[in-house]
Amino acid sequence: MKHLGTIRIETERLILRKCQVSDYKESFLYCCSDPELARLQNFDVHENDKVTKKSFIEKEEQYKKDDSFYEWAIINKETNIFMGEIALVNYDEETNSFETGYHLGKPFRGKGYMTEAIRAISTFVFKELQCNSLYALILKDNISSRKCVLKNNFIYTKTIPDYKDDVYEGPIDKYEITKDRYYLLKNN
């Protein structure tokens, strides 16, 4: 696969672009300090905005040296406010697939922004990167995340009973969309 890096993507209401250090305050305010979001998205709450700033400095450095690093800030076109992030992670060369992970601050939920962002990333994955599939791992009680992927034609494929990463251990559901399904539904 020829990686393209995190390129700017625009939708009707959103700009998906590289994260910038200047985003850290809004990220901390809306996302990284929210215990409920951290629990549902499997990350540790940042104890202060300095931790968030450090992570954004690291992201800027990662963009410079790694064209296989895919992480977008989700920006509201109308207000220019940072609302959350969406990323592609865990590329599997054998299956030519990516996992997507994402989060959105509480004030922006329920308005279709994440559904729109996932749609844009799906298009990028299948048209630009020519991947075979895109999947999301979702905790059973993360109903809003499940709704977003289902609206984007992902289907439940399995429950991984013994999933483990740096912050979560336990069962997790896998939802996936294949390139064939994406194009079949897009053309109908």
# chains A, B, ... in the order shown; residues from 1 in each chain; ligands from 1
$ residues_around --residues "Lys186 in chain A" --least-positions-apart "6" --cutoff "10 Å" --atoms "only C-alpha atoms" --output "NGL selection string"
:A and (123 or 153 or 180)
$ write_last_selection --atoms "N, CA and C atoms" --output "mmCIF file, in the first residue's frame"
data_model
loop_
_atom_site.group_PDB
_atom_site.id
_atom_site.type_symbol
_atom_site.label_atom_id
_atom_site.label_comp_id
_atom_site.auth_asym_id
_atom_site.auth_seq_id
_atom_site.Cartn_x
_atom_site.Cartn_y
_atom_site.Cartn_z
ATOM 1 N N THR A 123 -14.793 6.725 2.696
ATOM 2 C CA THR A 123 -14.504 7.058 1.305
ATOM 3 C C THR A 123 -13.002 7.143 1.072
ATOM 4 N N ASN A 153 -23.318 1.795 7.189
ATOM 5 C CA ASN A 153 -23.403 0.467 6.569
ATOM 6 C C ASN A 153 -22.365 -0.544 7.042
ATOM 7 N N ASP A 180 -16.292 -4.026 -1.126
ATOM 8 C CA ASP A 180 -17.398 -4.462 -1.992
ATOM 9 C C ASP A 180 -18.737 -3.937 -1.481
#
$ residues_around --residues "range 49-53 of chain A" --least-positions-apart "2" --cutoff "8 Å" --atoms "only C-alpha atoms" --output "number ranges by chain"
A: 21, 24-25, 27-28, 32, 46-47, 55-57
$ write_last_selection --atoms "N, CA, C and O atoms" --output "PDB file, in the first residue's frame"
ATOM      1  N   VAL A  21      -1.111  21.788  17.511  1.00  0.00           N
ATOM      2  CA  VAL A  21      -0.910  22.024  18.933  1.00  0.00           C
ATOM      3  C   VAL A  21      -1.954  23.006  19.462  1.00  0.00           C
ATOM      4  O   VAL A  21      -2.457  22.854  20.575  1.00  0.00           O
ATOM      5  N   TYR A  24      -5.178  21.874  21.419  1.00  0.00           N
ATOM      6  CA  TYR A  24      -5.145  21.129  22.683  1.00  0.00           C
ATOM      7  C   TYR A  24      -6.135  21.637  23.729  1.00  0.00           C
ATOM      8  O   TYR A  24      -6.713  20.838  24.472  1.00  0.00           O
ATOM      9  N   LYS A  25      -6.370  22.949  23.808  1.00  0.00           N
ATOM     10  CA  LYS A  25      -7.278  23.463  24.841  1.00  0.00           C
ATOM     11  C   LYS A  25      -8.704  22.990  24.614  1.00  0.00           C
ATOM     12  O   LYS A  25      -9.391  22.574  25.548  1.00  0.00           O
ATOM     13  N   SER A  27      -9.535  20.357  22.848  1.00  0.00           N
ATOM     14  CA  SER A  27      -9.520  18.903  23.014  1.00  0.00           C
ATOM     15  C   SER A  27      -9.641  18.539  24.491  1.00  0.00           C
ATOM     16  O   SER A  27     -10.402  17.650  24.862  1.00  0.00           O
ATOM     17  N   PHE A  28      -8.899  19.227  25.341  1.00  0.00           N
ATOM     18  CA  PHE A  28      -8.986  18.958  26.773  1.00  0.00           C
ATOM     19  C   PHE A  28     -10.378  19.293  27.295  1.00  0.00           C
ATOM     20  O   PHE A  28     -11.000  18.497  27.998  1.00  0.00           O
ATOM     21  N   CYS A  32     -10.728  15.188  26.308  1.00  0.00           N
ATOM     22  CA  CYS A  32      -9.726  14.482  27.120  1.00  0.00           C
ATOM     23  C   CYS A  32      -9.959  14.558  28.622  1.00  0.00           C
ATOM     24  O   CYS A  32      -9.387  13.776  29.374  1.00  0.00           O
ATOM     25  N   HIS A  46      -7.113  12.785  30.839  1.00  0.00           N
ATOM     26  CA  HIS A  46      -5.933  13.634  31.040  1.00  0.00           C
ATOM     27  C   HIS A  46      -6.137  14.439  32.319  1.00  0.00           C
ATOM     28  O   HIS A  46      -7.175  15.085  32.491  1.00  0.00           O
ATOM     29  N   GLU A  47      -5.154  14.422  33.200  1.00  0.00           N
ATOM     30  CA  GLU A  47      -5.326  15.111  34.486  1.00  0.00           C
ATOM     31  C   GLU A  47      -5.275  16.627  34.356  1.00  0.00           C
ATOM     32  O   GLU A  47      -5.804  17.342  35.207  1.00  0.00           O
ATOM     33  N   SER A  55       0.458  15.589  24.061  1.00  0.00           N
ATOM     34  CA  SER A  55       0.015  14.606  23.065  1.00  0.00           C
ATOM     35  C   SER A  55      -0.132  15.254  21.686  1.00  0.00           C
ATOM     36  O   SER A  55       0.151  14.630  20.666  1.00  0.00           O
ATOM     37  N   PHE A  56      -0.531  16.517  21.641  1.00  0.00           N
ATOM     38  CA  PHE A  56      -0.672  17.214  20.358  1.00  0.00           C
ATOM     39  C   PHE A  56       0.694  17.581  19.769  1.00  0.00           C
ATOM     40  O   PHE A  56       0.865  17.545  18.547  1.00  0.00           O
ATOM     41  N   ILE A  57       1.646  17.881  20.615  1.00  0.00           N
ATOM     42  CA  ILE A  57       3.019  18.112  20.132  1.00  0.00           C
ATOM     43  C   ILE A  57       3.546  16.820  19.511  1.00  0.00           C
ATOM     44  O   ILE A  57       4.145  16.832  18.431  1.00  0.00           O
TER      45      ILE A  57
END
$ select_by_dssp --residues "range 22-185 of chain A" --states "strand (DSSP E)" --output "VMD selection string"
chain A and resid 70 to 76 82 to 92 97 to 104 133 to 138 155 to 164 169 to 178
$ residues_around --residues "Ala120 in chain A" --least-positions-apart "3" --cutoff "9 Å" --atoms "only C-alpha atoms" --output "PyMOL selection string"
chain A and resi 9-11+16+115-117+123-125
$ closest_residue --among "A:His3, A:Trp72, A:Gly84, A:Asn142" --to "Arg39 in chain A" --atoms "only C-alpha atoms"
A:Asn142
$ closest_atom_pairs --of "range 144-165 of chain A" --to "range 133-136 of chain A" --cutoff "12 Å" --atoms "only C-alpha atoms" --output "JSON lines"
{"residue": "A:Ser145", "atom": "CA", "partner": "A:Ala136", "partner_atom": "CA", "distance": 9.1}
{"residue": "A:Arg146", "atom": "CA", "partner": "A:Ala136", "partner_atom": "CA", "distance": 9.0}
{"residue": "A:Lys147", "atom": "CA", "partner": "A:Ala136", "partner_atom": "CA", "distance": 11.8}
{"residue": "A:Cys148", "atom": "CA", "partner": "A:Ala136", "partner_atom": "CA", "distance": 10.4}
{"residue": "A:Val149", "atom": "CA", "partner": "A:Ala136", "partner_atom": "CA", "distance": 7.8}
{"residue": "A:Leu150", "atom": "CA", "partner": "A:Ala136", "partner_atom": "CA", "distance": 10.7}
{"residue": "A:Asn152", "atom": "CA", "partner": "A:Leu134", "partner_atom": "CA", "distance": 11.0}
{"residue": "A:Asn153", "atom": "CA", "partner": "A:Tyr135", "partner_atom": "CA", "distance": 11.0}
{"residue": "A:Phe154", "atom": "CA", "partner": "A:Tyr135", "partner_atom": "CA", "distance": 7.6}
{"residue": "A:Ile155", "atom": "CA", "partner": "A:Tyr135", "partner_atom": "CA", "distance": 9.1}
{"residue": "A:Tyr156", "atom": "CA", "partner": "A:Tyr135", "partner_atom": "CA", "distance": 9.5}
{"residue": "A:Thr157", "atom": "CA", "partner": "A:Tyr135", "partner_atom": "CA", "distance": 9.4}
{"residue": "A:Lys158", "atom": "CA", "partner": "A:Ala136", "partner_atom": "CA", "distance": 11.1}
{"residue": "A:Thr159", "atom": "CA", "partner": "A:Ala136", "partner_atom": "CA", "distance": 11.6}
{"residue": "A:Ile160", "atom": "CA", "partner": "A:Ala136", "partner_atom": "CA", "distance": 12.0}
$ write_last_selection --atoms "N, CA, C and O atoms" --output "PDB file, in the first residue's frame"
ATOM      1  N   SER A 145     -21.909   5.187  19.399  1.00  0.00           N
ATOM      2  CA  SER A 145     -20.879   4.775  18.448  1.00  0.00           C
ATOM      3  C   SER A 145     -21.402   3.687  17.514  1.00  0.00           C
ATOM      4  O   SER A 145     -21.167   3.710  16.304  1.00  0.00           O
ATOM      5  N   ARG A 146     -22.133   2.753  18.084  1.00  0.00           N
ATOM      6  CA  ARG A 146     -22.729   1.681  17.276  1.00  0.00           C
ATOM      7  C   ARG A 146     -23.690   2.264  16.236  1.00  0.00           C
ATOM      8  O   ARG A 146     -23.675   1.885  15.067  1.00  0.00           O
ATOM      9  N   LYS A 147     -24.502   3.250  16.644  1.00  0.00           N
ATOM     10  CA  LYS A 147     -25.432   3.886  15.704  1.00  0.00           C
ATOM     11  C   LYS A 147     -24.682   4.552  14.549  1.00  0.00           C
ATOM     12  O   LYS A 147     -25.125   4.488  13.401  1.00  0.00           O
ATOM     13  N   CYS A 148     -23.567   5.204  14.863  1.00  0.00           N
ATOM     14  CA  CYS A 148     -22.782   5.888  13.812  1.00  0.00           C
ATOM     15  C   CYS A 148     -22.273   4.913  12.759  1.00  0.00           C
ATOM     16  O   CYS A 148     -22.375   5.181  11.560  1.00  0.00           O
ATOM     17  N   VAL A 149     -21.722   3.778  13.195  1.00  0.00           N
ATOM     18  CA  VAL A 149     -21.187   2.841  12.198  1.00  0.00           C
ATOM     19  C   VAL A 149     -22.314   2.154  11.432  1.00  0.00           C
ATOM     20  O   VAL A 149     -22.186   1.909  10.232  1.00  0.00           O
ATOM     21  N   LEU A 150     -23.425   1.863  12.108  1.00  0.00           N
ATOM     22  CA  LEU A 150     -24.546   1.237  11.408  1.00  0.00           C
ATOM     23  C   LEU A 150     -25.123   2.178  10.345  1.00  0.00           C
ATOM     24  O   LEU A 150     -25.503   1.732   9.259  1.00  0.00           O
ATOM     25  N   ASN A 152     -23.454   4.074   8.640  1.00  0.00           N
ATOM     26  CA  ASN A 152     -22.468   4.043   7.559  1.00  0.00           C
ATOM     27  C   ASN A 152     -22.313   2.641   6.966  1.00  0.00           C
ATOM     28  O   ASN A 152     -21.306   2.334   6.340  1.00  0.00           O
ATOM     29  N   ASN A 153     -23.318   1.795   7.189  1.00  0.00           N
ATOM     30  CA  ASN A 153     -23.403   0.467   6.569  1.00  0.00           C
ATOM     31  C   ASN A 153     -22.365  -0.544   7.042  1.00  0.00           C
ATOM     32  O   ASN A 153     -22.119  -1.534   6.368  1.00  0.00           O
ATOM     33  N   PHE A 154     -21.771  -0.303   8.204  1.00  0.00           N
ATOM     34  CA  PHE A 154     -20.934  -1.333   8.826  1.00  0.00           C
ATOM     35  C   PHE A 154     -21.890  -2.416   9.325  1.00  0.00           C
ATOM     36  O   PHE A 154     -23.045  -2.127   9.641  1.00  0.00           O
ATOM     37  N   ILE A 155     -21.394  -3.627   9.427  1.00  0.00           N
ATOM     38  CA  ILE A 155     -22.209  -4.699   9.998  1.00  0.00           C
ATOM     39  C   ILE A 155     -21.449  -5.346  11.152  1.00  0.00           C
ATOM     40  O   ILE A 155     -20.216  -5.380  11.164  1.00  0.00           O
ATOM     41  N   TYR A 156     -22.212  -5.822  12.120  1.00  0.00           N
ATOM     42  CA  TYR A 156     -21.623  -6.551  13.246  1.00  0.00           C
ATOM     43  C   TYR A 156     -21.013  -7.834  12.700  1.00  0.00           C
ATOM     44  O   TYR A 156     -21.660  -8.572  11.957  1.00  0.00           O
ATOM     45  N   THR A 157     -19.748  -8.098  13.060  1.00  0.00           N
ATOM     46  CA  THR A 157     -19.103  -9.331  12.591  1.00  0.00           C
ATOM     47  C   THR A 157     -18.826 -10.321  13.712  1.00  0.00           C
ATOM     48  O   THR A 157     -18.908 -11.515  13.493  1.00  0.00           O
ATOM     49  N   LYS A 158     -18.490  -9.805  14.906  1.00  0.00           N
ATOM     50  CA  LYS A 158     -18.227 -10.732  16.015  1.00  0.00           C
ATOM     51  C   LYS A 158     -17.980  -9.970  17.303  1.00  0.00           C
ATOM     52  O   LYS A 158     -17.739  -8.769  17.299  1.00  0.00           O
ATOM     53  N   THR A 159     -18.047 -10.705  18.397  1.00  0.00           N
ATOM     54  CA  THR A 159     -17.615 -10.198  19.693  1.00  0.00           C
ATOM     55  C   THR A 159     -16.271 -10.842  19.994  1.00  0.00           C
ATOM     56  O   THR A 159     -16.124 -12.058  19.899  1.00  0.00           O
ATOM     57  N   ILE A 160     -15.310 -10.023  20.338  1.00  0.00           N
ATOM     58  CA  ILE A 160     -13.998 -10.524  20.753  1.00  0.00           C
ATOM     59  C   ILE A 160     -14.049 -10.622  22.273  1.00  0.00           C
ATOM     60  O   ILE A 160     -14.055  -9.601  22.971  1.00  0.00           O
TER      61      ILE A 160
END
$ select_by_dssp --residues "range 13-62 of chain A" --states "alpha helix (DSSP H)" --output "PyMOL selection string"
chain A and resi 24-27+35-41+49-62
$ residues_around --residues "Asn80 in chain A" --least-positions-apart "5" --cutoff "12 Å" --atoms "only C-alpha atoms" --output "VMD selection string"
chain A and resid 13 to 17 23 26 73 to 75
$ write_last_selection --atoms "N, CA, C and O atoms" --output "PDB file, in the first residue's frame"
ATOM      1  N   ARG A  13     -20.345  19.807   6.382  1.00  0.00           N
ATOM      2  CA  ARG A  13     -20.264  20.611   7.605  1.00  0.00           C
ATOM      3  C   ARG A  13     -18.926  20.559   8.324  1.00  0.00           C
ATOM      4  O   ARG A  13     -18.732  21.275   9.312  1.00  0.00           O
ATOM      5  N   LEU A  14     -18.019  19.698   7.836  1.00  0.00           N
ATOM      6  CA  LEU A  14     -16.784  19.447   8.583  1.00  0.00           C
ATOM      7  C   LEU A  14     -15.524  19.675   7.759  1.00  0.00           C
ATOM      8  O   LEU A  14     -15.525  19.503   6.540  1.00  0.00           O
ATOM      9  N   ILE A  15     -14.467  19.991   8.475  1.00  0.00           N
ATOM     10  CA  ILE A  15     -13.112  19.932   7.931  1.00  0.00           C
ATOM     11  C   ILE A  15     -12.380  18.900   8.771  1.00  0.00           C
ATOM     12  O   ILE A  15     -12.364  18.986  10.009  1.00  0.00           O
ATOM     13  N   LEU A  16     -11.828  17.899   8.115  1.00  0.00           N
ATOM     14  CA  LEU A  16     -10.973  16.920   8.780  1.00  0.00           C
ATOM     15  C   LEU A  16      -9.555  17.283   8.361  1.00  0.00           C
ATOM     16  O   LEU A  16      -9.230  17.268   7.180  1.00  0.00           O
ATOM     17  N   ARG A  17      -8.733  17.617   9.333  1.00  0.00           N
ATOM     18  CA  ARG A  17      -7.369  18.051   9.047  1.00  0.00           C
ATOM     19  C   ARG A  17      -6.428  17.526  10.115  1.00  0.00           C
ATOM     20  O   ARG A  17      -6.859  16.997  11.137  1.00  0.00           O
ATOM     21  N   ASP A  23      -4.940  23.104  18.993  1.00  0.00           N
ATOM     22  CA  ASP A  23      -6.212  22.422  19.281  1.00  0.00           C
ATOM     23  C   ASP A  23      -6.297  21.891  20.708  1.00  0.00           C
ATOM     24  O   ASP A  23      -7.365  21.479  21.158  1.00  0.00           O
ATOM     25  N   GLU A  26      -9.161  23.052  23.350  1.00  0.00           N
ATOM     26  CA  GLU A  26     -10.513  22.578  23.048  1.00  0.00           C
ATOM     27  C   GLU A  26     -10.598  21.067  23.209  1.00  0.00           C
ATOM     28  O   GLU A  26     -11.606  20.541  23.669  1.00  0.00           O
ATOM     29  N   ALA A  73      -8.230  15.978  13.147  1.00  0.00           N
ATOM     30  CA  ALA A  73      -9.058  16.814  14.012  1.00  0.00           C
ATOM     31  C   ALA A  73     -10.386  17.004  13.275  1.00  0.00           C
ATOM     32  O   ALA A  73     -10.395  17.193  12.052  1.00  0.00           O
ATOM     33  N   ILE A  74     -11.476  16.934  13.987  1.00  0.00           N
ATOM     34  CA  ILE A  74     -12.797  17.175  13.406  1.00  0.00           C
ATOM     35  C   ILE A  74     -13.177  18.610  13.744  1.00  0.00           C
ATOM     36  O   ILE A  74     -13.384  18.955  14.909  1.00  0.00           O
ATOM     37  N   ILE A  75     -13.240  19.437  12.708  1.00  0.00           N
ATOM     38  CA  ILE A  75     -13.478  20.868  12.872  1.00  0.00           C
ATOM     39  C   ILE A  75     -14.834  21.238  12.265  1.00  0.00           C
ATOM     40  O   ILE A  75     -15.140  20.847  11.139  1.00  0.00           O
TER      41      ILE A  75
END
$ closest_residue --among "A:Cys19, A:Ile177, A:Cys131, A:Leu137" --to "Arg119 in chain A" --atoms "only C-alpha atoms"
A:Ile177
$ atom_distance --atom1 "CA of Val45 in chain A" --atom2 "CA of Ser33 in chain A"
5.4 Å
$ closest_residue --among "A:Met83, A:Ile138, A:Leu184, A:Leu88" --to "Lys111 in chain A" --atoms "only C-alpha atoms"
A:Met83
$ decode --residues "range 90-127 of chain A" --atoms "C-alpha atoms" --output "compact mmCIF listing (two decimals), in the first residue's frame"
# COMPACT_ATOMS: atom_id res chain seq x y z
CA ASN A 90 -3.82 -1.00 13.31
CA TYR A 91 -3.27 -1.43 9.58
CA ASP A 92 -3.20 -5.14 8.70
CA GLU A 93 -1.11 -5.72 5.59
CA GLU A 94 -2.36 -9.28 5.17
CA THR A 95 -6.03 -8.27 4.96
CA ASN A 96 -5.37 -4.72 3.70
CA SER A 97 -7.63 -3.29 6.39
CA PHE A 98 -7.69 -0.50 8.97
CA GLU A 99 -9.44 0.01 12.27
CA THR A 100 -11.06 3.40 12.83
CA GLY A 101 -11.22 5.03 16.22
CA TYR A 102 -12.94 8.31 17.03
CA HIS A 103 -14.37 10.54 19.71
CA LEU A 104 -16.51 13.65 19.83
CA GLY A 105 -17.03 16.13 22.65
CA LYS A 106 -20.35 16.00 24.50
CA PRO A 107 -21.68 19.37 23.20
CA PHE A 108 -21.44 18.10 19.61
CA ARG A 109 -23.05 14.68 19.93
CA GLY A 110 -26.43 13.78 18.49
CA LYS A 111 -26.09 16.13 15.52
CA GLY A 112 -24.74 13.66 12.94
CA TYR A 113 -21.18 15.03 12.92
CA MET A 114 -19.52 11.70 13.67
CA THR A 115 -21.68 9.87 11.14
CA GLU A 116 -20.50 12.42 8.56
CA ALA A 117 -16.84 12.04 9.61
CA ILE A 118 -16.98 8.22 9.43
CA ARG A 119 -18.54 8.46 5.97
CA ALA A 120 -15.68 10.71 4.81
CA ILE A 121 -13.02 8.41 6.28
CA SER A 122 -14.68 5.36 4.69
CA THR A 123 -14.50 7.06 1.31
CA PHE A 124 -10.83 7.90 1.89
CA VAL A 125 -10.02 4.32 2.92
CA PHE A 126 -11.70 2.72 -0.09
CA LYS A 127 -11.07 5.27 -2.85
